Structure formats: C-alpha cells, structure tokens
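Peer 1: This is protein_14.cif, which holds mmCIF, C-alpha atoms:
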data_my_file
#
loop_
_atom_site.label_atom_id
_atom_site.label_comp_id
_atom_site.auth_asym_id
_atom_site.auth_seq_id
_atom_site.Cartn_x
_atom_site.Cartn_y
_atom_site.Cartn_z
CA MET A 1 28.96 -0.36 36.48
CA ASN A 2 30.85 2.91 35.91
CA SER A 3 29.47 4.49 32.75
CA GLU A 4 32.65 6.56 32.46
CA GLY A 5 34.71 3.37 32.02
CA TYR A 6 33.68 2.19 28.56
CA ARG A 7 36.49 1.79 26.07
CA LEU A 8 36.55 -0.17 22.83
CA SER A 9 38.83 -3.14 23.41
CA GLY A 10 41.38 -2.73 20.65
CA ALA A 11 41.11 -3.69 17.01
CA ILE A 12 37.86 -5.62 16.76
CA SER A 13 35.15 -6.02 14.16
CA ILE A 14 31.98 -3.97 14.03
CA TRP A 15 30.01 -7.05 15.09
CA GLU A 16 32.31 -7.58 18.08
CA ALA A 17 32.00 -3.92 19.04
CA ARG A 18 28.24 -4.24 19.09
CA LYS A 19 28.42 -7.39 21.22
CA GLU A 20 30.89 -5.78 23.62
CA ALA A 21 28.76 -2.65 24.00
CA SER A 22 25.61 -4.72 24.56
CA SER A 23 27.30 -6.50 27.44
CA PHE A 24 28.48 -3.20 28.91
CA LEU A 25 24.99 -1.69 28.69
CA ALA A 26 23.41 -4.79 30.22
CA ALA A 27 25.83 -4.62 33.16
CA ALA A 28 24.92 -0.93 33.56
CA GLY A 29 21.24 -1.92 33.93
CA VAL A 30 20.10 -0.61 30.55
CA ARG A 31 16.91 -2.21 29.27
CA GLU A 32 17.06 -3.82 25.82
CA PRO A 33 20.86 -3.44 25.60
CA GLU A 34 21.17 -5.25 22.26
CA SER A 35 18.68 -3.05 20.41
CA ASN A 36 20.12 0.10 22.00
CA ALA A 37 23.65 -0.87 20.98
CA GLU A 38 22.55 -1.58 17.40
CA LEU A 39 20.61 1.68 17.10
CA LEU A 40 23.59 3.68 18.36
CA LEU A 41 26.02 1.74 16.17
CA ARG A 42 24.03 2.38 13.01
CA HIS A 43 23.95 6.06 13.95
CA VAL A 44 27.68 6.36 14.61
CA LEU A 45 28.64 4.47 11.45
CA GLY A 46 26.07 6.32 9.34
CA LEU A 47 25.19 3.14 7.46
CA PRO A 48 21.69 2.24 6.22
CA GLY A 49 20.29 -1.26 6.74
CA ALA A 50 21.89 -3.32 3.97
CA ALA A 51 25.24 -1.52 4.13
CA TYR A 52 25.34 -1.93 7.91
CA LEU A 53 24.69 -5.67 7.70
CA ALA A 54 27.34 -6.06 5.00
CA ALA A 55 29.91 -4.25 7.16
CA LEU A 56 29.46 -6.21 10.39
CA ARG A 57 32.57 -8.40 9.88
CA GLU A 58 34.78 -5.46 8.90
CA PRO A 59 37.20 -3.85 11.38
CA PHE A 60 35.66 -1.11 13.50
CA PRO A 61 36.74 2.18 11.88
CA ALA A 62 39.34 3.97 14.00
CA ASP A 63 37.94 7.39 13.15
CA LYS A 64 34.58 6.43 14.73
CA GLN A 65 35.99 5.10 18.00
CA ASP A 66 35.70 8.30 20.07
CA ALA A 67 32.11 8.93 18.95
CA TRP A 68 31.18 5.29 19.63
CA GLU A 69 32.63 5.29 23.13
CA GLU A 70 30.87 8.58 23.92
CA VAL A 71 27.38 7.42 22.88
CA ILE A 72 27.74 4.16 24.81
CA ARG A 73 28.81 6.06 27.94
CA ARG A 74 25.81 8.37 27.57
CA LYS A 75 23.44 5.44 27.13
CA ALA A 76 24.94 3.62 30.11
CA ALA A 77 24.35 6.76 32.21
CA GLY A 78 20.64 6.51 31.37
CA GLU A 79 20.14 8.97 28.52
CA PRO A 80 17.50 7.82 26.00
CA ALA A 81 19.03 6.61 22.76
CA GLN A 82 16.57 8.75 20.81
CA TYR A 83 17.96 11.91 22.41
CA ILE A 84 21.51 10.75 21.72
CA ILE A 85 20.87 10.23 18.00
CA GLY A 86 18.33 13.08 17.87
CA GLU A 87 15.51 11.27 16.12
CA GLN A 88 12.69 8.74 16.41
CA GLU A 89 10.52 6.99 13.85
CA PHE A 90 6.75 7.42 14.13
CA TYR A 91 4.20 6.21 11.61
CA GLY A 92 6.91 5.80 8.99
CA LEU A 93 8.12 9.37 9.43
CA THR A 94 11.38 10.45 11.03
CA PHE A 95 11.00 13.04 13.79
CA GLN A 96 13.77 15.08 15.32
CA VAL A 97 13.56 14.84 19.10
CA ALA A 98 15.25 16.77 21.88
CA PRO A 99 14.89 16.98 25.68
CA ALA A 100 12.19 19.66 25.17
CA VAL A 101 9.74 17.00 23.95
CA LEU A 102 8.59 13.50 24.82
CA ILE A 103 9.89 10.74 22.60
CA PRO A 104 7.00 9.52 20.39
CA ARG A 105 5.81 6.03 21.36
CA PRO A 106 4.58 3.30 19.01
CA GLU A 107 1.26 2.92 20.85
CA THR A 108 0.31 6.47 19.85
CA GLU A 109 0.19 5.31 16.23
CA LEU A 110 -2.99 3.41 17.15
CA LEU A 111 -4.63 6.68 18.19
CA VAL A 112 -3.66 8.30 14.90
CA GLU A 113 -5.08 5.36 12.93
CA ARG A 114 -8.39 5.40 14.78
CA ILE A 115 -8.84 9.16 14.50
CA ALA A 116 -8.16 8.98 10.76
CA ALA A 117 -10.64 6.12 10.31
CA GLU A 118 -13.40 7.70 12.40
CA GLY A 119 -12.84 11.03 10.66
CA ASP A 120 -13.34 9.36 7.30
CA ALA A 121 -16.61 7.87 8.53
CA LEU A 122 -17.91 11.17 9.91
CA TRP A 123 -16.75 13.34 6.99
CA PRO A 124 -16.60 11.08 3.91
CA GLY A 125 -14.66 12.98 1.27
CA GLY A 126 -14.63 16.04 3.52
CA ALA A 127 -11.98 18.16 5.19
CA PRO A 128 -12.56 18.37 8.94
CA TYR A 129 -10.60 20.74 11.16
CA ALA A 130 -8.48 18.73 13.60
CA ALA A 131 -6.36 19.96 16.48
CA ASP A 132 -3.55 18.08 18.25
CA ILE A 133 -3.44 19.44 21.80
CA GLY A 134 -0.06 19.38 23.55
CA THR A 135 1.72 18.38 20.37
CA GLY A 136 5.28 18.01 21.70
CA SER A 137 7.40 16.82 18.77
CA GLY A 138 4.41 17.26 16.46
CA ALA A 139 4.09 13.51 15.88
CA ILE A 140 0.29 13.20 16.00
CA ALA A 141 -0.36 16.34 13.96
CA ALA A 142 2.26 15.48 11.36
CA ALA A 143 1.10 11.87 11.02
CA LEU A 144 -2.49 13.03 10.51
CA ALA A 145 -1.36 15.61 7.96
CA HIS A 146 0.60 12.88 6.18
CA LEU A 147 -2.32 10.43 6.20
CA ARG A 148 -5.08 12.97 5.46
CA PRO A 149 -3.57 15.87 3.49
CA ALA A 150 -7.04 17.25 2.68
CA TRP A 151 -7.79 17.84 6.37
CA ARG A 152 -7.04 21.11 8.09
CA ILE A 153 -4.58 20.22 10.86
CA ALA A 154 -3.49 22.45 13.72
CA ALA A 155 -1.44 21.84 16.85
CA SER A 156 -0.83 23.60 20.14
CA ASP A 157 1.66 23.43 22.98
CA ILE A 158 2.33 25.59 26.01
CA SER A 159 6.11 25.14 25.61
CA PRO A 160 7.84 27.42 23.09
CA ASP A 161 10.76 24.98 22.94
CA ALA A 162 8.42 22.11 22.08
CA LEU A 163 6.70 24.20 19.40
CA ALA A 164 10.07 24.99 17.85
CA VAL A 165 10.83 21.25 17.59
CA ALA A 166 7.36 20.50 16.17
CA GLN A 167 7.51 23.31 13.63
CA ASP A 168 10.93 22.16 12.46
CA ASN A 169 9.68 18.59 12.07
CA VAL A 170 6.65 19.61 10.04
CA ARG A 171 8.72 21.92 7.86
CA ARG A 172 11.33 19.23 7.22
CA LEU A 173 8.62 16.67 6.38
CA GLY A 174 6.93 19.09 3.98
CA LEU A 175 3.54 18.89 5.70
CA ALA A 176 0.85 21.50 6.35
CA VAL A 177 0.15 22.09 10.06
CA GLU A 178 -0.84 25.34 11.78
CA PHE A 179 0.74 25.98 15.19
CA LYS A 180 -0.57 27.86 18.20
CA ARG A 181 1.05 28.46 21.56
CA GLY A 182 -1.01 28.21 24.72
CA ASN A 183 -2.52 26.01 27.40
CA LEU A 184 -4.40 23.05 25.94
CA LEU A 185 -7.52 24.28 24.08
CA GLU A 186 -7.21 27.95 25.02
CA PRO A 187 -5.46 28.94 21.74
CA PHE A 188 -8.47 27.60 19.83
CA ALA A 189 -11.09 29.73 21.59
CA GLY A 190 -13.87 30.57 19.13
CA GLU A 191 -12.63 28.17 16.46
CA PRO A 192 -14.93 25.46 15.00
CA LEU A 193 -12.86 22.37 15.72
CA ASP A 194 -14.31 19.15 14.33
CA ILE A 195 -11.70 16.86 15.89
CA VAL A 196 -9.69 17.14 19.09
CA VAL A 197 -6.90 14.65 19.74
CA SER A 198 -4.39 14.69 22.56
CA ASN A 199 -1.69 12.68 24.27
CA PRO A 200 -1.41 14.90 27.36
CA PRO A 201 0.69 14.50 30.52
CA TYR A 202 -0.96 11.66 32.47
CA ILE A 203 1.53 10.41 35.06
CA PRO A 204 0.32 11.06 38.64
CA ALA A 205 2.81 13.49 40.19
CA GLY A 206 3.62 11.11 43.02
CA ASP A 207 4.58 8.35 40.57
CA ILE A 208 7.18 10.37 38.68
CA PRO A 209 10.06 9.66 41.13
CA HIS A 210 9.47 5.94 40.54
CA LEU A 211 9.60 6.02 36.72
CA GLN A 212 12.43 4.44 34.77
CA PRO A 213 15.48 6.72 35.09
CA GLU A 214 15.66 7.45 31.36
CA VAL A 215 12.12 8.84 31.51
CA ARG A 216 12.28 10.44 34.96
CA ASP A 217 15.68 12.09 34.53
CA TYR A 218 15.65 13.05 30.86
CA GLU A 219 12.15 13.56 29.43
CA PRO A 220 10.44 16.91 30.19
CA ARG A 221 8.51 16.84 33.45
CA GLY A 222 5.88 19.20 32.05
CA ALA A 223 5.00 16.55 29.48
CA LEU A 224 4.72 13.84 32.14
CA ASP A 225 3.00 15.40 35.18
CA GLY A 226 -0.77 14.97 35.02
CA GLY A 227 -1.45 16.30 38.51
CA PRO A 228 -2.24 14.36 41.69
CA ASP A 229 -4.17 11.57 39.93
CA GLY A 230 -2.86 12.03 36.40
CA LEU A 231 -6.25 13.17 35.12
CA ALA A 232 -5.96 16.95 35.44
CA PRO A 233 -5.34 17.63 31.71
CA TYR A 234 -8.45 15.65 30.68
CA ARG A 235 -10.66 17.56 33.11
CA ALA A 236 -9.18 20.84 31.89
CA MET A 237 -9.71 20.05 28.21
CA LEU A 238 -13.28 18.96 28.72
CA ALA A 239 -13.98 22.16 30.64
CA GLN A 240 -12.30 24.20 27.89
CA LEU A 241 -14.67 22.79 25.26
CA ALA A 242 -16.92 25.65 26.37
CA LEU A 243 -14.45 27.96 24.58
CA LEU A 244 -15.43 26.43 21.22
CA PRO A 245 -18.57 27.33 19.25
CA LYS A 246 -19.69 23.72 19.68
CA PRO A 247 -18.12 20.48 20.91
CA PRO A 248 -16.02 18.54 18.38
CA ARG A 249 -17.79 15.56 16.84
CA LEU A 250 -14.69 13.43 17.39
CA ILE A 251 -12.38 13.49 20.39
CA GLY A 252 -9.55 11.10 21.21
CA PHE A 253 -7.19 10.82 24.17
CA GLU A 254 -4.17 8.71 25.00
CA LEU A 255 -3.95 7.81 28.67
CA GLY A 256 -2.02 5.87 31.27
CA LEU A 257 -2.40 2.49 32.89
CA GLY A 258 -5.70 2.16 34.76
CA GLN A 259 -7.11 5.51 33.61
CA ALA A 260 -9.41 4.40 30.77
CA ALA A 261 -12.58 3.91 32.85
CA ALA A 262 -12.27 7.32 34.52
CA VAL A 263 -11.64 9.16 31.25
CA ALA A 264 -14.47 7.30 29.49
CA ASP A 265 -16.79 8.31 32.36
CA MET A 266 -15.74 11.94 31.90
CA LEU A 267 -16.67 11.79 28.22
CA ARG A 268 -20.00 10.17 28.98
CA ALA A 269 -20.77 12.76 31.64
CA ALA A 270 -20.03 15.56 29.16
CA GLY A 271 -22.85 14.17 27.02
CA HIS A 272 -21.56 15.36 23.64
CA TRP A 273 -20.85 12.00 21.97
CA ARG A 274 -23.16 9.15 21.04
CA GLU A 275 -20.45 6.49 21.38
CA ILE A 276 -17.47 6.13 23.69
CA VAL A 277 -14.84 3.59 22.60
CA THR A 278 -11.86 2.28 24.56
CA ILE A 279 -8.91 0.98 22.53
CA PRO A 280 -6.23 -1.35 23.94
CA ASP A 281 -2.62 -1.13 22.85
CA LEU A 282 -0.62 -4.09 21.57
CA ALA A 283 0.14 -5.13 25.15
CA GLY A 284 -3.59 -5.28 25.93
CA ILE A 285 -3.55 -2.12 28.09
CA ASP A 286 -6.54 0.20 27.58
CA ARG A 287 -4.56 3.08 26.08
CA HIS A 288 -7.02 5.32 24.22
CA VAL A 289 -10.53 6.61 24.70
CA ILE A 290 -12.50 8.00 21.75
CA GLY A 291 -15.74 9.96 21.74
CA ILE A 292 -17.70 9.78 18.46
CA GLY A 293 -20.57 12.16 17.79
#
With the file now loaded, output its structure as structure tokens.
Peer 2:
Amino acid sequence: MNSEGYRLSGAISIWEARKEASSFLAAAGVREPESNAELLLRHVLGLPGAAYLAALREPFPADKQDAWEEVIRRKAAGEPAQYIIGEQEFYGLTFQVAPAVLIPRPETELLVERIAAEGDALWPGGAPYAADIGTGSGAIAAALAHLRPAWRIAASDISPDALAVAQDNVRRLGLAVEFKRGNLLEPFAGEPLDIVVSNPPYIPAGDIPHLQPEVRDYEPRGALDGGPDGLAPYRAMLAQLALLPKPPRLIGFELGLGQAAAVADMLRAAGHWREIVTIPDLAGIDRHVIGIG
C-alpha cells in the first residue's frame, strides 16, 4: 500500500471517512486501524466525545480535508498516532509527547499505583522524597505528584530534549516536580532519596531492528536500548546506589518480557530490601519488580 496515495473519496460523511481511512490503514499494515483512525479523526475535527459522536453522520468538513489526508498518510507510513497528535493520556492526565521521548504506556500506570500504595504504607501521613530516573515525558513523576502532592518528587534524564518535554508537561499540569539532568542516579549523589522508581531502556540492542516499525523507526533509541541483554540500566542504577547516603527504602522498576527474574535476583543480591515483589501487567506479563525495605 502506498501511503502517499490516500485521498478522501469525495463528499462523504464523517463516519464514512473514518471507515474509509480504517480500511486504508489496515491495507498499509497498521495495527489497530479502527482505533487509530478514530483518534486521528477526533484530533483533526477538534471535537470532544459527545460532539464527535453527534457529528458522525454530518458531511466531512471541506476545510479539514487536507489535514485529514495528511495525518492518515503519516500514520500509514508508520508514525505513531501519539506523535502525530502530540499527546497521550496517562493516569488521567494529558501529556505532550514528541520524538524526543517514549510514548507513555498504560502498563506503567500499575507501577505508579504500587509505588504510591507502598509509599503510604512505609510513610503513613509522611512526605518521602521520590525520584523518577530516566523520566522521559515526565509521566511517572507527574502522576506521582498528582496522586501524592505532599511528597517531594524529583526526576532526572540524560537527554536535554526529554527534560524540556517533561518540564513543559509538569508546568502545564500545574504540578511540583524538581528536575535534574544526568545519567540515571548520578544527579542525586549525596541526596537522601526514600523512593527510586524507573522505567529505563530495557530492549536488548540486538532486538531493536526487529521491533514494530512505529517503535523502531520513530521512538528515541536512547530510551529503548538496554545494552546487550537489556539489563545494563538496572545494573548501573543498583551500583549507583552507593552515591546516596543510604539505599532507598522503596525501589521500583519497569522491565521487559522475560526480565523479571533477573532483576528480582539483582535486588535480592543487593540485600537492601526485606521484600521483593513481582507485578504482572494486565496481559499477565511480569512487568514490574519492587523492593520494599
């Protein structure tokens, strides 16, 4: 399918335009073509939920045709819809996203929930100091700041472009997060972190060429590449705990398929936490490992 070839077929309704675009995207090999077409259509029309549904039988507006054709061509070429529309929902908050950052995933919300719950248990009524390492869009840090406004929340990233996106998101959401630039935990040297949470790069370098094109070709490689076995960032962060006055009482990592046992073993070997918990995502994949002290 030639992604350059999409044209709206004359005077049709909004509903028909969505159906036509879904078929075009499916023929181009796009996964979930119906949901992608609807997301892009809502964006182009600028209509919220109820207004969009009410307008489906109306003629497609002529002044939106060029924009509609352009976003469908971009999606058919493999570009993530979230980069096309410039945003993604995460934990009920809207985050601006750009090619400098990974697109926040729904499974990461489970990590945020567990860190918030375990933090409440360890510091009932308190205000622990939590750091989101490799923050990207700022999703984890911002969600924690939204859920637990009494906590002190900080975030780091080695990428200045990613930090700019994260800072803009936090500012727009009206949340309190401190930002530091540097490699993993290095910017926090000497600081008494109570909680460390991270969704680091975890794709083995050799697997990256085989990822879905919209991930491989569009999302930042630096946020994907976890070294030869995908575990390099976890080893580095655990080694960097020596930079802190003492280990955090709570640590939580997101990880890739088949990595949970190895990361849990690393936390056990470090010996800082009385309990190591593995959390599956909604698909049943062991997605997070938590150390509780």
Peer 1: Give as a PDB file with C-alpha atoms, keeping the file's coordinate frame the residues that the PyMOL selection byres ((chain A and resi 220-232) around 8) matches when applied to the coordinates above.
Peer 2:
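Here's the written file part.pdb:
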ATOM      1  CA  PRO A  99      14.890  16.980  25.680  1.00  0.00           C
ATOM      2  CA  ALA A 100      12.190  19.660  25.170  1.00  0.00           C
ATOM      3  CA  VAL A 101       9.740  17.000  23.950  1.00  0.00           C
ATOM      4  CA  LEU A 102       8.590  13.500  24.820  1.00  0.00           C
ATOM      5  CA  GLY A 136       5.280  18.010  21.700  1.00  0.00           C
ATOM      6  CA  PRO A 200      -1.410  14.900  27.360  1.00  0.00           C
ATOM      7  CA  PRO A 201       0.690  14.500  30.520  1.00  0.00           C
ATOM      8  CA  TYR A 202      -0.960  11.660  32.470  1.00  0.00           C
ATOM      9  CA  ILE A 203       1.530  10.410  35.060  1.00  0.00           C
ATOM     10  CA  PRO A 204       0.320  11.060  38.640  1.00  0.00           C
ATOM     11  CA  ALA A 205       2.810  13.490  40.190  1.00  0.00           C
ATOM     12  CA  GLY A 206       3.620  11.110  43.020  1.00  0.00           C
ATOM     13  CA  ILE A 208       7.180  10.370  38.680  1.00  0.00           C
ATOM     14  CA  ARG A 216      12.280  10.440  34.960  1.00  0.00           C
ATOM     15  CA  TYR A 218      15.650  13.050  30.860  1.00  0.00           C
ATOM     16  CA  GLU A 219      12.150  13.560  29.430  1.00  0.00           C
ATOM     17  CA  PRO A 233      -5.340  17.630  31.710  1.00  0.00           C
ATOM     18  CA  TYR A 234      -8.450  15.650  30.680  1.00  0.00           C
ATOM     19  CA  ARG A 235     -10.660  17.560  33.110  1.00  0.00           C
ATOM     20  CA  ALA A 236      -9.180  20.840  31.890  1.00  0.00           C
ATOM     21  CA  GLN A 259      -7.110   5.510  33.610  1.00  0.00           C
ATOM     22  CA  VAL A 263     -11.640   9.160  31.250  1.00  0.00           C
TER      23      VAL A 263
END
Peer 1: Of the residues A:Leu45, A:Ala142, A:Ile103, A:Ile12, which is the one nearest to Gln167 in chain A, using all atoms listed in the file?
Peer 2: A:Ala142
Peer 1: Out of A:Leu244, A:Ala155, A:Leu163, A:Ile14, which residue has the shortest atom-to-atom distance to Glu58 in chain A when counting only C-alpha atoms?
Peer 2: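 Looking only at the distances to Glu58 in chain A, the closest residue turns out to be A:Ile14.
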Peer 1: Provide the CA of Ala54 in chain A to CA of Ser35 in chain A distance in Å, to one decimal place.
Peer 2: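 We find that CA of Ala54 in chain A and CA of Ser35 in chain A lie 17.9 Å from each other.
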Peer 1: How would you write, as a list in words, the residues chosen by the PyMOL selection byres ((chain A and resi 267-276) around 9) on this structure?
Peer 2: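 What the PyMOL selection byres ((chain A and resi 267-276) around 9) grabs from the file is Leu238, Pro247, Pro248, Arg249, Leu250, Ile251, Ala262, Val263, Ala264, Asp265, Met266, Val277, Thr278, Val289, Ile290, Gly291, Ile292 and Gly293 of chain A.
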Peer 1: Write a file of the selected residues as a PDB file, keeping the file's coordinate frame, keeping C-alpha atoms.
Peer 2:
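What landed in result.pdb:
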ATOM      1  CA  LEU A 238     -13.280  18.960  28.720  1.00  0.00           C
ATOM      2  CA  PRO A 247     -18.120  20.480  20.910  1.00  0.00           C
ATOM      3  CA  PRO A 248     -16.020  18.540  18.380  1.00  0.00           C
ATOM      4  CA  ARG A 249     -17.790  15.560  16.840  1.00  0.00           C
ATOM      5  CA  LEU A 250     -14.690  13.430  17.390  1.00  0.00           C
ATOM      6  CA  ILE A 251     -12.380  13.490  20.390  1.00  0.00           C
ATOM      7  CA  ALA A 262     -12.270   7.320  34.520  1.00  0.00           C
ATOM      8  CA  VAL A 263     -11.640   9.160  31.250  1.00  0.00           C
ATOM      9  CA  ALA A 264     -14.470   7.300  29.490  1.00  0.00           C
ATOM     10  CA  ASP A 265     -16.790   8.310  32.360  1.00  0.00           C
ATOM     11  CA  MET A 266     -15.740  11.940  31.900  1.00  0.00           C
ATOM     12  CA  VAL A 277     -14.840   3.590  22.600  1.00  0.00           C
ATOM     13  CA  THR A 278     -11.860   2.280  24.560  1.00  0.00           C
ATOM     14  CA  VAL A 289     -10.530   6.610  24.700  1.00  0.00           C
ATOM     15  CA  ILE A 290     -12.500   8.000  21.750  1.00  0.00           C
ATOM     16  CA  GLY A 291     -15.740   9.960  21.740  1.00  0.00           C
ATOM     17  CA  ILE A 292     -17.700   9.780  18.460  1.00  0.00           C
ATOM     18  CA  GLY A 293     -20.570  12.160  17.790  1.00  0.00           C
TER      19      GLY A 293
END
Peer 1: Show which residues sit within 8 Å of Val44 in chain A, as number ranges by chain. Count all atoms listed in the file, and ignore same-chain residues fewer than 4 positions away.
Peer 2: A: 40, 64, 67-68
Peer 1: Counting only C-alpha atoms, select every polymer residue within 12 Å of (33.3, -0.1, 31.0) as defined in the file's coordinates, and provide the selection as a ChimeraX atom specification.
Peer 2: /A:1-9,20-28,69-70,72-77
Peer 1: Please identify all polymer residues within 12 Å of Pro106 in chain A, counting all atoms listed in the file, omitting same-chain residues fewer than 5 positions from it, and present them as a list in words.
Peer 2: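 Here the qualifying residues turn out to be Gln88, Glu89, Phe90, Tyr91, Gly92, Leu93, Leu111, Val112, Glu113, Ala139, Ile140, Glu254, Asp281, Leu282, Ala283 and Arg287 of chain A.
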Peer 1: Please determine, counting all atoms listed in the file, which residue among A:Tyr129, A:Phe253, A:Phe179, A:Trp151 has the shortest atom-to-atom distance to Leu110 in chain A.
Peer 2: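 Between A:Tyr129, A:Phe253, A:Phe179, A:Trp151, the residue approaching Leu110 in chain A most closely is A:Phe253.
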Peer 1: For each of A:Pro128, A:Gly258, A:Gly49, A:Gly182, take the minimum atom-to-atom distance to Val196 in chain A, counting all atoms listed in the file, then give the residue where this is smallest.
Peer 2: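 Looking at the shortest contact to Val196 in chain A, the residue is A:Pro128.
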Peer 1: Find, counting only C-alpha atoms, the residue in A:Asp66, A:Glu32, A:Asp132, A:Glu118 that gets nearest to Val197 in chain A.
Peer 2: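 Ranked by minimum distance to Val197 in chain A, first place goes to A:Asp132.
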Peer 1: I'd like the contact shell of Arg172 in chain A - 12 Å cut-off, only C-alpha atoms, skipping same-chain residues fewer than 2 positions apart - returned as a list in words.
Peer 2: Leu93, Thr94, Phe95, Gln96, Gly138, Ala142, Val165, Ala166, Gln167, Asp168, Asn169, Val170, Gly174, Leu175, Ala176 and Val177 of chain A
